[in-house]
There are 2 protein chains.
Amino acid sequence: MTVIDIPAGSPFGLDNLPYGVFSTPGTEPRVGVRVGESVVDLAVALRDEVFARPSLNAFMAQGHERWVQVRRQIAELVSGDVPDAAVHPVADVTTHLPIEVADYVDFYASEHHAANLGRLFRPNAEPLMPNWKHLPVGYHGRSGTVVVSGTDIVRPSGQRKSPDEDAPTFGPCRRLDIEAELGFIVGTGSDLGSTVPAADFATRVFGVVLVNDWSARDIQAWEYVPLGPFLGKSFATSISAWVVPLLALEAARVPVPDQEPKPLPYLRETEPWGLDIDLAVSWNGHEVSRPPYREMYWSPAQMLAHLTVNGATSRTGDLYASGTISGPEKDQRGAFIELTWGGKEPVEVGAEERTFLQDGDEVTITATAPGPNGSRIGFGEVAGRILPASG
Amino acid sequence: MTVIDIPAGSPFGLDNLPYGVFSTPGTEPRVGVRVGESVVDLAVALRDEVFARPSLNAFMAQGHERWVQVRRQIAELVSGDVPDAAVHPVADVTTHLPIEVADYVDFYASEHHAANLGRLFRPNAEPLMPNWKHLPVGYHGRSGTVVVSGTDIVRPSGQRKSPDEDAPTFGPCRRLDIEAELGFIVGTGSDLGSTVPAADFATRVFGVVLVNDWSARDIQAWEYVPLGPFLGKSFATSISAWVVPLLALEAARVPVPDQEPKPLPYLRETEPWGLDIDLAVSWNGHEVSRPPYREMYWSPAQMLAHLTVNGATSRTGDLYASGTISGPEKDQRGAFIELTWGGKEPVEVGAEERTFLQDGDEVTITATAPGPNGSRIGFGEVAGRILPASG
């Protein structure tokens, strides 16, 4: 038996207990929980076949009561002796995509981000569109290209046309960007023709991940009118390997900023689901931004209510992301197009200057949230390195 | 043993042999093929477990050579004696969603449709956007709400704002519409970071279905700038129950209309994949439109090449639809918003007049294509009835 060592101040203490899917050399991917610098194999430790699967979906589908019960079981288990065979140093495991993604939706819920993009793209108009404060604007992305942190990102190629060109040309993206976001994972779905009220958020949503919504700004700019982003986004979306249970984020809950005009009744929060989560964006190891999630205009409970208000099905494994998280300050912007003001104001990345991503660049997004008793809840990281365009 | 009767001129003759998923009372959904007015249970007839699954995905994943081989096997089988236990009258079976949908994409490939909507929505501007003739414009839809023909459609509710209103209101959709489309089902996928050239279309795409992309025009109009359609489409997308193999459509192949400007090299067709398919749209049993697929500007081979040119993964079960099929004539328009010119010119539906869909209305879309030797290939139908908004 092993007693798991949890270093003082670890972001993966007993208040966190995030779930992931891992393997060790020669074994199949299965569900584990991260504790300190260890991963506990839940199929072995809890002797439950639901954790022997290569994704969290079967466990998530068991529902909220079961999530509460298993979380209690795990907290008890890792506070005492754990069978040796169930414990692996985190350095010895490979992490995999933790969920089988059903539908992927991306919102646009930061007022600072939406207004900055408005100013950049439509300098002579109101920065926010007329609908923006009435509903959480969003769109569907490609679920098949959601990848786990650490997956290399091949620079996409596609059509792009600068304003000074007569016709589009084909080639590697010249304005490759990131978007620092949070993603919310639906644990239990809802039927076609029914809705999920904002009040049901906490019983429906299983957990939270970090998201990097890689964006090819030149491809996006040429293609997106009138049906929205498509190939400018669909080449890859990275998520963190560890899913922080919503149950671990009680101490992080804060009200959303004042919403004026008052949202329509179906979008009103019955309890606060703003989240006081601090993100940090590192570019080749140098921190360039600290986006504050607490500044987001729309809460994830409001996003889920909106997503389903037309009767659309929700399913176990649905992933919906917040959209770029940007705060009011320049060093709180979660996309490089904002941080460098459309590429006109380079940022210092160590001894070099950057506007958009170069081949070989690596971006790592991390985050922490307040836990109970002054602890911090860590989200680990979502990281990716840019490989040159193929072909 | 049974000899299957195929009525003369049947659209489900030996040249068609479409696949579906069916069940009989008290049995599990499994794969069958439609022949005349019969359904042949392939798990029983071919004694192959891959057909005992509740979707076509496992069979489709076996690849093009296998599709060719099984099609030959089935043609031989149903030309002779078939075991009694494998044959069911089509009237006795329930059809199910034939595929497990991976990602769902909807294109916008009819020049007539795009130009009509441009004239309706932006009367003082060029009808087509600058990008439209350079690339097949498309977006991702919600794969979780793809339903099989015959599923009732609950009128969606949502936010909508008329130009004369100061603020949006919430309520049932007031401009519920259809879009008559074809859908293409990917049988074998491609890896992240690789592309699918237009020339590989026929080995990647397994078959074709009819699609009704139900559209809430008032919800869509208010929400869609700048990220595209979302809740105005995501409440339901219906597809036909029988998947016509691409292998059955050789005689339907025609060149696409002249493309000027000439597309970029990755979008050029190496062989013609326009399709001479005639659709018909019936509203409460009265035919109101006959959209001709041969008029589509972009071919499905070009759509697949575009979809993957940025390195996006494609997967078994990906469904991509053509967008509304409209021809140059008024009675060839595949959406009611075009047919009634934004609701200003009602159409006669039997003894009644209609602009958009009323509760209780039923829409049925059918199609046929030329087969070899003067035969016709039938697509069956995609049908749905509108139920009142819930709540």
# chains A, B, ... in the order shown; residues from 1 in each chain; ligands from 1

$ residues_around --residues "stretch 219-235 of chain A" --least-positions-apart "5" --cutoff "6 Å" --atoms "only C-alpha atoms" --output "ChimeraX atom specification"
/A:142,159-160 /B:139,227-228,310-312

$ write_last_selection --atoms "all heavy atoms" --output "short mmCIF file (atom, residue, chain, number, x, y, z; two decimals), in the first residue's frame"
data_model
loop_
_atom_site.label_atom_id
_atom_site.label_comp_id
_atom_site.auth_asym_id
_atom_site.auth_seq_id
_atom_site.Cartn_x
_atom_site.Cartn_y
_atom_site.Cartn_z
N ARG A 142 -15.86 22.16 -34.78
CA ARG A 142 -15.65 20.78 -35.23
C ARG A 142 -15.22 19.90 -34.06
O ARG A 142 -14.11 20.06 -33.53
CB ARG A 142 -14.59 20.75 -36.34
CG ARG A 142 -14.52 19.41 -37.08
CD ARG A 142 -13.80 19.53 -38.39
NE ARG A 142 -13.82 18.29 -39.14
CZ ARG A 142 -14.84 17.86 -39.88
NH1 ARG A 142 -15.92 18.60 -40.00
NH2 ARG A 142 -14.77 16.71 -40.52
N GLN A 159 -7.24 29.40 -48.00
CA GLN A 159 -7.40 30.62 -48.79
C GLN A 159 -7.34 31.83 -47.87
O GLN A 159 -8.00 31.86 -46.84
CB GLN A 159 -8.76 30.64 -49.48
CG GLN A 159 -8.92 29.62 -50.58
CD GLN A 159 -10.13 29.91 -51.46
OE1 GLN A 159 -10.55 31.06 -51.60
NE2 GLN A 159 -10.67 28.86 -52.05
N ARG A 160 -6.58 32.82 -48.31
CA ARG A 160 -6.58 34.10 -47.60
C ARG A 160 -6.37 35.20 -48.62
O ARG A 160 -5.72 35.01 -49.62
CB ARG A 160 -5.55 34.14 -46.47
CG ARG A 160 -4.12 33.87 -46.87
CD ARG A 160 -3.82 32.39 -47.08
NE ARG A 160 -2.39 32.08 -47.03
CZ ARG A 160 -1.48 32.35 -47.97
NH1 ARG A 160 -1.83 32.95 -49.09
NH2 ARG A 160 -0.22 32.02 -47.80
N TYR B 139 -20.53 25.94 -42.78
CA TYR B 139 -20.40 26.10 -41.32
C TYR B 139 -20.74 24.77 -40.65
O TYR B 139 -21.36 23.90 -41.28
CB TYR B 139 -21.32 27.23 -40.81
CG TYR B 139 -22.77 26.86 -40.85
CD1 TYR B 139 -23.46 26.49 -39.69
CD2 TYR B 139 -23.48 26.85 -42.04
CE1 TYR B 139 -24.79 26.12 -39.73
CE2 TYR B 139 -24.80 26.49 -42.10
CZ TYR B 139 -25.46 26.12 -40.94
OH TYR B 139 -26.77 25.75 -40.98
N LEU B 227 -21.18 35.37 -35.97
CA LEU B 227 -20.62 34.01 -35.94
C LEU B 227 -21.45 32.97 -36.70
O LEU B 227 -21.15 31.78 -36.66
CB LEU B 227 -20.35 33.56 -34.50
CG LEU B 227 -19.35 34.43 -33.72
CD1 LEU B 227 -19.02 33.81 -32.37
CD2 LEU B 227 -18.06 34.66 -34.51
N GLY B 228 -22.52 33.42 -37.39
CA GLY B 228 -23.25 32.49 -38.23
C GLY B 228 -24.46 31.88 -37.56
O GLY B 228 -24.78 32.18 -36.41
N ASN B 310 -7.48 22.35 -44.61
CA ASN B 310 -6.73 22.93 -43.48
C ASN B 310 -6.18 21.85 -42.55
O ASN B 310 -5.67 22.15 -41.48
CB ASN B 310 -7.62 23.90 -42.69
CG ASN B 310 -8.77 23.20 -41.98
OD1 ASN B 310 -9.05 22.04 -42.25
ND2 ASN B 310 -9.44 23.90 -41.08
N GLY B 311 -6.31 20.59 -42.96
CA GLY B 311 -5.79 19.50 -42.13
C GLY B 311 -6.78 18.95 -41.13
O GLY B 311 -6.44 18.07 -40.33
N ALA B 312 -8.03 19.45 -41.17
CA ALA B 312 -9.04 18.94 -40.23
C ALA B 312 -9.27 17.45 -40.48
O ALA B 312 -9.34 17.01 -41.62
CB ALA B 312 -10.35 19.71 -40.38
#

$ residues_around --residues "B:Ser194" --least-positions-apart "5" --cutoff "10 Å" --atoms "only C-alpha atoms" --output "list of chain:residue names"
A:Val154, A:Pro156, A:Ser390, A:Gly391, B:Thr308, B:Val309, B:Asn310, B:Gly311, B:Ala312, B:Thr313, B:Ser314

$ select_by_dssp --residues "stretch 246-380 of chain B" --states "alpha helix (DSSP H)" --output "MDAnalysis selection string"
chainID B and resid 300:308 336:339

$ write_last_selection --atoms "N, CA and C atoms" --output "PDB file, in the first residue's frame"
ATOM      1  N   PRO B 300     -19.954  18.012 -54.581  1.00  0.00           N
ATOM      2  CA  PRO B 300     -19.624  17.427 -53.266  1.00  0.00           C
ATOM      3  C   PRO B 300     -18.155  17.021 -53.153  1.00  0.00           C
ATOM      4  N   ALA B 301     -17.487  16.748 -54.267  1.00  0.00           N
ATOM      5  CA  ALA B 301     -16.044  16.450 -54.220  1.00  0.00           C
ATOM      6  C   ALA B 301     -15.269  17.710 -53.841  1.00  0.00           C
ATOM      7  N   GLN B 302     -15.693  18.838 -54.377  1.00  0.00           N
ATOM      8  CA  GLN B 302     -15.058  20.109 -54.019  1.00  0.00           C
ATOM      9  C   GLN B 302     -15.316  20.462 -52.549  1.00  0.00           C
ATOM     10  N   MET B 303     -16.531  20.169 -52.085  1.00  0.00           N
ATOM     11  CA  MET B 303     -16.846  20.453 -50.674  1.00  0.00           C
ATOM     12  C   MET B 303     -15.934  19.660 -49.740  1.00  0.00           C
ATOM     13  N   LEU B 304     -15.719  18.372 -50.046  1.00  0.00           N
ATOM     14  CA  LEU B 304     -14.882  17.531 -49.177  1.00  0.00           C
ATOM     15  C   LEU B 304     -13.430  17.994 -49.216  1.00  0.00           C
ATOM     16  N   ALA B 305     -12.952  18.357 -50.405  1.00  0.00           N
ATOM     17  CA  ALA B 305     -11.579  18.865 -50.517  1.00  0.00           C
ATOM     18  C   ALA B 305     -11.417  20.140 -49.683  1.00  0.00           C
ATOM     19  N   HIS B 306     -12.432  21.008 -49.741  1.00  0.00           N
ATOM     20  CA  HIS B 306     -12.352  22.256 -48.974  1.00  0.00           C
ATOM     21  C   HIS B 306     -12.370  21.987 -47.469  1.00  0.00           C
ATOM     22  N   LEU B 307     -13.290  21.133 -47.062  1.00  0.00           N
ATOM     23  CA  LEU B 307     -13.499  20.787 -45.650  1.00  0.00           C
ATOM     24  C   LEU B 307     -12.223  20.327 -44.960  1.00  0.00           C
ATOM     25  N   THR B 308     -11.349  19.668 -45.703  1.00  0.00           N
ATOM     26  CA  THR B 308     -10.166  19.041 -45.108  1.00  0.00           C
ATOM     27  C   THR B 308      -8.860  19.734 -45.509  1.00  0.00           C
ATOM     28  N   PHE B 336     -38.737  28.007 -48.327  1.00  0.00           N
ATOM     29  CA  PHE B 336     -39.971  28.791 -48.441  1.00  0.00           C
ATOM     30  C   PHE B 336     -39.696  30.293 -48.393  1.00  0.00           C
ATOM     31  N   ILE B 337     -38.601  30.690 -47.727  1.00  0.00           N
ATOM     32  CA  ILE B 337     -38.291  32.125 -47.685  1.00  0.00           C
ATOM     33  C   ILE B 337     -38.008  32.654 -49.093  1.00  0.00           C
ATOM     34  N   GLU B 338     -37.442  31.787 -49.964  1.00  0.00           N
ATOM     35  CA  GLU B 338     -37.232  32.200 -51.356  1.00  0.00           C
ATOM     36  C   GLU B 338     -38.521  32.061 -52.158  1.00  0.00           C
ATOM     37  N   LEU B 339     -39.217  30.947 -51.919  1.00  0.00           N
ATOM     38  CA  LEU B 339     -40.419  30.630 -52.691  1.00  0.00           C
ATOM     39  C   LEU B 339     -41.496  31.704 -52.488  1.00  0.00           C
TER      40      LEU B 339
END

$ atom_distance --atom1 "atom CA of A:Ala61" --atom2 "atom CA of B:Gly317"
22.4 Å

$ closest_residue --among "A:Trp341, A:Tyr104, A:Trp273, A:Trp242" --to "A:Arg315" --atoms "only C-alpha atoms"
A:Tyr104

$ atom_distance --atom1 "atom CA of A:Ala383" --atom2 "atom CA of B:Gly141"
27.4 Å

$ residues_around --residues "B:Ala8" --least-positions-apart "5" --cutoff "12 Å" --atoms "only C-alpha atoms" --output "PyMOL selection string"
chain B and resi 13-14+36-37+375-376

$ write_last_selection --atoms "C-alpha atoms" --output "short mmCIF file (atom, residue, chain, number, x, y, z; two decimals), in the first residue's frame"
data_model
loop_
_atom_site.label_atom_id
_atom_site.label_comp_id
_atom_site.auth_asym_id
_atom_site.auth_seq_id
_atom_site.Cartn_x
_atom_site.Cartn_y
_atom_site.Cartn_z
CA GLY B 13 -34.58 -1.89 -58.04
CA LEU B 14 -31.31 -3.77 -58.34
CA GLY B 36 -38.71 -2.97 -54.04
CA GLU B 37 -41.25 -2.95 -51.22
CA SER B 375 -33.95 3.03 -64.70
CA ARG B 376 -34.58 5.55 -61.90
#

$ closest_residue --among "A:Leu247, A:Met60, A:Ala125, A:Ala236" --to "chain B" --atoms "only C-alpha atoms"
A:Ala236

$ residues_around --residues "A:Trp214" --least-positions-apart "4" --cutoff "6 Å" --atoms "only C-alpha atoms" --output "PyMOL selection string"
chain A and resi 177-178+237

$ write_last_selection --atoms "N, CA, C and O atoms" --output "compact mmCIF listing (two decimals), in the first residue's frame"
# COMPACT_ATOMS: atom_id res chain seq x y z
N ASP A 177 -3.04 32.28 -34.49
CA ASP A 177 -3.34 32.90 -33.21
C ASP A 177 -3.85 31.85 -32.22
O ASP A 177 -4.10 30.70 -32.59
N ILE A 178 -4.01 32.28 -30.99
CA ILE A 178 -4.62 31.44 -29.95
C ILE A 178 -5.89 32.12 -29.46
O ILE A 178 -6.11 33.30 -29.72
N THR A 237 -8.51 22.27 -31.88
CA THR A 237 -8.88 22.92 -30.62
C THR A 237 -8.28 22.07 -29.51
O THR A 237 -8.59 20.87 -29.43

$ closest_residue --among "B:Tyr293, B:Phe22, B:Tyr108, B:Phe206" --to "B:Val68" --atoms "only C-alpha atoms"
B:Phe206

$ residues_around --residues "A:Met296" --least-positions-apart "3" --cutoff "9 Å" --atoms "only C-alpha atoms" --output "PyMOL selection string"
chain A and resi 109-112+256-257+274-275+292-293+299+322+325-327

$ write_last_selection --atoms "C-alpha atoms" --output "PDB file, in the first residue's frame"
ATOM      1  CA  ALA A 109     -18.879  35.763 -23.864  1.00  0.00           C
ATOM      2  CA  SER A 110     -16.180  38.328 -23.006  1.00  0.00           C
ATOM      3  CA  GLU A 111     -17.346  41.893 -23.546  1.00  0.00           C
ATOM      4  CA  HIS A 112     -13.732  43.111 -23.663  1.00  0.00           C
ATOM      5  CA  VAL A 256     -21.303  37.945 -13.245  1.00  0.00           C
ATOM      6  CA  PRO A 257     -20.801  41.674 -13.972  1.00  0.00           C
ATOM      7  CA  GLY A 274     -19.468  33.620 -12.648  1.00  0.00           C
ATOM      8  CA  LEU A 275     -16.097  32.046 -11.795  1.00  0.00           C
ATOM      9  CA  PRO A 292      -9.355  36.956 -15.645  1.00  0.00           C
ATOM     10  CA  TYR A 293     -12.395  34.700 -16.067  1.00  0.00           C
ATOM     11  CA  SER A 299     -22.007  32.807 -17.192  1.00  0.00           C
ATOM     12  CA  SER A 322     -16.532  30.430 -23.238  1.00  0.00           C
ATOM     13  CA  ILE A 325     -11.233  35.468 -22.076  1.00  0.00           C
ATOM     14  CA  SER A 326     -10.041  39.070 -22.071  1.00  0.00           C
ATOM     15  CA  GLY A 327     -10.020  41.558 -19.220  1.00  0.00           C
TER      16      GLY A 327
END

$ closest_residue --among "A:Ser215, A:Asn16, A:Ser143, A:Ser10" --to "chain B" --atoms "only C-alpha atoms"
A:Ser143

$ closest_residue --among "B:Val137, B:Val208, B:Ala321, B:Val44" --to "B:Leu249" --atoms "only C-alpha atoms"
B:Val208

$ atom_distance --atom1 "atom CA of B:Arg122" --atom2 "atom CA of B:Ala180"
22.6 Å

$ select_by_dssp --residues "stretch 99-258 of chain A" --states "strand (DSSP E)" --output "MDAnalysis selection string"
chainID A and resid 104:107 138:141 146:148 153:154 157:160 169:172 176:177 180:186 205:212 215:216 237:239 244:245 253:254

$ closest_residue --among "A:Gly187, A:Pro245, A:Pro265, A:Pro11" --to "chain B" --atoms "only C-alpha atoms"
A:Pro265

$ residues_around --residues "B:Glu271" --least-positions-apart "3" --cutoff "9 Å" --atoms "only C-alpha atoms" --output "mmCIF file with C-alpha atoms, in the first residue's frame"
data_model
loop_
_atom_site.group_PDB
_atom_site.id
_atom_site.type_symbol
_atom_site.label_atom_id
_atom_site.label_comp_id
_atom_site.auth_asym_id
_atom_site.auth_seq_id
_atom_site.Cartn_x
_atom_site.Cartn_y
_atom_site.Cartn_z
ATOM 1 C CA ALA B 198 -11.180 16.106 -54.676
ATOM 2 C CA ALA B 199 -10.058 13.022 -56.642
ATOM 3 C CA PRO B 255 -20.215 18.370 -64.882
ATOM 4 C CA ARG B 268 -10.487 21.707 -59.199
#
